[in-house]
Amino acid sequence: MADLNTRFEQAVADSKQLPERPDNMTLLKLYALFKQASAGDAQEPRPGVTDFVGRAKWDAWQTLAGTSPDQAKQEYIALVESLKE
């Protein structure tokens, strides 16, 4: 478990040092996986229609509802690793 948390923290740090900026859909996936891994299912209400960015982030996070934090961490690590190549 500690190993997974350490690898997740390293992947978070690595995500800020990627060779090139990922596309918006990949950024949303990274955000959603990070939120699911660190906070669990989205509990706050969906942002309003005028908050386009907040709404897109919330929607991406909501698609992962029910995913365990450990599974989200593993997927986050795998995605960051694929982006580093």
# chains A, B, ... in the order shown; residues from 1 in each chain; ligands from 1
>>> select_by_dssp(residues="segment 9-44 of chain A", states="alpha helix (DSSP H)", output="VMD selection string")
chain A and resid 9 to 15 24 to 39
>>> closest_residue(among="A:Glu85, A:Lys35, A:Glu44, A:Gln74", to="Trp61 of chain A", atoms="only C-alpha atoms")
A:Lys35
>>> residues_around(residues="segment 46-52 of chain A", least_positions_apart="6", cutoff="10 Å", atoms="only C-alpha atoms", output="number ranges by chain")
A: 58-59, 62
>>> atom_distance(atom1="atom CA of Phe8 of chain A", atom2="atom CA of Asp41 of chain A")
18.0 Å
>>> residues_around(residues="Thr63 of chain A", least_positions_apart="6", cutoff="12 Å", atoms="only C-alpha atoms", output="number ranges by chain")
A: 28-29, 31-33, 35-36, 40-42, 56-57, 72
>>> residues_around(residues="Ala37 of chain A", least_positions_apart="5", cutoff="7 Å", atoms="only C-alpha atoms", output="list in words")
Pro69, Asp70, Ala72 and Lys73 of chain A
>>> write_last_selection(atoms="C-alpha atoms", output="PDB file, in the first residue's frame")
ATOM      1  CA  PRO A  69      -9.053   5.073  -4.789  1.00  0.00           C
ATOM      2  CA  ASP A  70      -6.389   2.384  -5.261  1.00  0.00           C
ATOM      3  CA  ALA A  72      -7.718   5.276  -9.636  1.00  0.00           C
ATOM      4  CA  LYS A  73      -4.128   5.613  -8.394  1.00  0.00           C
TER       5      LYS A  73
END
>>> residues_around(residues="segment 9-25 of chain A", least_positions_apart="4", cutoff="8 Å", atoms="only C-alpha atoms", output="PyMOL selection string")
chain A and resi 5+29+76-77+80-81+83-84
>>> atom_distance(atom1="atom CA of Ala60 of chain A", atom2="atom CA of Gln43 of chain A")
13.5 Å
>>> decode(residues="chain A", atoms="C-alpha atoms", output="short mmCIF file (atom, residue, chain, number, x, y, z; two decimals), in the first residue's frame")
data_model
loop_
_atom_site.label_atom_id
_atom_site.label_comp_id
_atom_site.auth_asym_id
_atom_site.auth_seq_id
_atom_site.Cartn_x
_atom_site.Cartn_y
_atom_site.Cartn_z
CA MET A 1 0.00 0.00 0.00
CA ALA A 2 2.76 2.43 0.91
CA ASP A 3 4.43 1.53 -2.37
CA LEU A 4 1.30 2.45 -4.32
CA ASN A 5 1.03 5.79 -2.50
CA THR A 6 4.70 6.52 -3.16
CA ARG A 7 4.35 5.67 -6.85
CA PHE A 8 1.18 7.80 -7.04
CA GLU A 9 2.93 10.80 -5.46
CA GLN A 10 5.82 10.36 -7.89
CA ALA A 11 3.39 10.19 -10.83
CA VAL A 12 1.75 13.43 -9.66
CA ALA A 13 5.17 15.09 -9.59
CA ASP A 14 6.05 13.59 -12.98
CA SER A 15 2.78 14.84 -14.50
CA LYS A 16 3.99 18.40 -13.94
CA GLN A 17 7.22 17.70 -15.85
CA LEU A 18 5.87 16.02 -18.99
CA PRO A 19 7.81 16.66 -22.21
CA GLU A 20 4.71 18.13 -23.88
CA ARG A 21 1.31 19.31 -22.69
CA PRO A 22 -1.38 16.61 -23.06
CA ASP A 23 -4.57 17.34 -24.99
CA ASN A 24 -7.63 18.56 -23.06
CA MET A 25 -9.31 15.13 -22.89
CA THR A 26 -6.17 13.61 -21.37
CA LEU A 27 -5.91 16.49 -18.91
CA LEU A 28 -9.52 15.87 -17.86
CA LYS A 29 -8.75 12.16 -17.40
CA LEU A 30 -5.72 13.01 -15.25
CA TYR A 31 -7.82 15.42 -13.17
CA ALA A 32 -10.63 12.91 -12.71
CA LEU A 33 -8.28 10.09 -11.72
CA PHE A 34 -6.44 12.37 -9.29
CA LYS A 35 -9.67 13.52 -7.65
CA GLN A 36 -11.05 9.98 -7.43
CA ALA A 37 -7.77 8.74 -5.95
CA SER A 38 -7.50 11.52 -3.40
CA ALA A 39 -11.13 12.39 -2.57
CA GLY A 40 -13.28 9.46 -3.71
CA ASP A 41 -16.63 9.94 -5.46
CA ALA A 42 -17.74 13.50 -6.28
CA GLN A 43 -19.97 14.71 -3.44
CA GLU A 44 -20.43 18.40 -4.24
CA PRO A 45 -23.15 19.55 -6.64
CA ARG A 46 -22.43 19.89 -10.36
CA PRO A 47 -21.22 23.40 -11.29
CA GLY A 48 -23.62 25.68 -13.14
CA VAL A 49 -23.92 25.98 -16.90
CA THR A 50 -21.80 29.11 -17.06
CA ASP A 51 -18.83 27.36 -15.43
CA PHE A 52 -17.72 25.41 -18.49
CA VAL A 53 -14.36 24.30 -17.13
CA GLY A 54 -15.68 23.36 -13.69
CA ARG A 55 -18.55 21.46 -15.27
CA ALA A 56 -16.23 19.52 -17.60
CA LYS A 57 -13.96 18.61 -14.69
CA TRP A 58 -16.90 17.53 -12.52
CA ASP A 59 -18.38 15.45 -15.35
CA ALA A 60 -15.04 13.70 -15.94
CA TRP A 61 -14.72 12.99 -12.23
CA GLN A 62 -18.31 11.74 -12.01
CA THR A 63 -17.65 9.14 -14.72
CA LEU A 64 -15.32 7.41 -12.23
CA ALA A 65 -17.95 7.11 -9.49
CA GLY A 66 -17.57 3.79 -7.73
CA THR A 67 -13.92 3.36 -8.72
CA SER A 68 -11.77 2.56 -5.69
CA PRO A 69 -9.05 5.07 -4.79
CA ASP A 70 -6.39 2.38 -5.26
CA GLN A 71 -7.67 1.56 -8.75
CA ALA A 72 -7.72 5.28 -9.64
CA LYS A 73 -4.13 5.61 -8.39
CA GLN A 74 -3.01 2.67 -10.53
CA GLU A 75 -4.74 4.10 -13.62
CA TYR A 76 -3.24 7.55 -12.95
CA ILE A 77 0.26 6.06 -12.65
CA ALA A 78 -0.21 4.09 -15.90
CA LEU A 79 -1.50 7.16 -17.77
CA VAL A 80 1.39 9.36 -16.63
CA GLU A 81 3.87 6.63 -17.57
CA SER A 82 2.36 6.42 -21.06
CA LEU A 83 2.61 10.20 -21.43
CA LYS A 84 6.30 10.21 -20.47
CA GLU A 85 7.21 7.96 -23.41
#
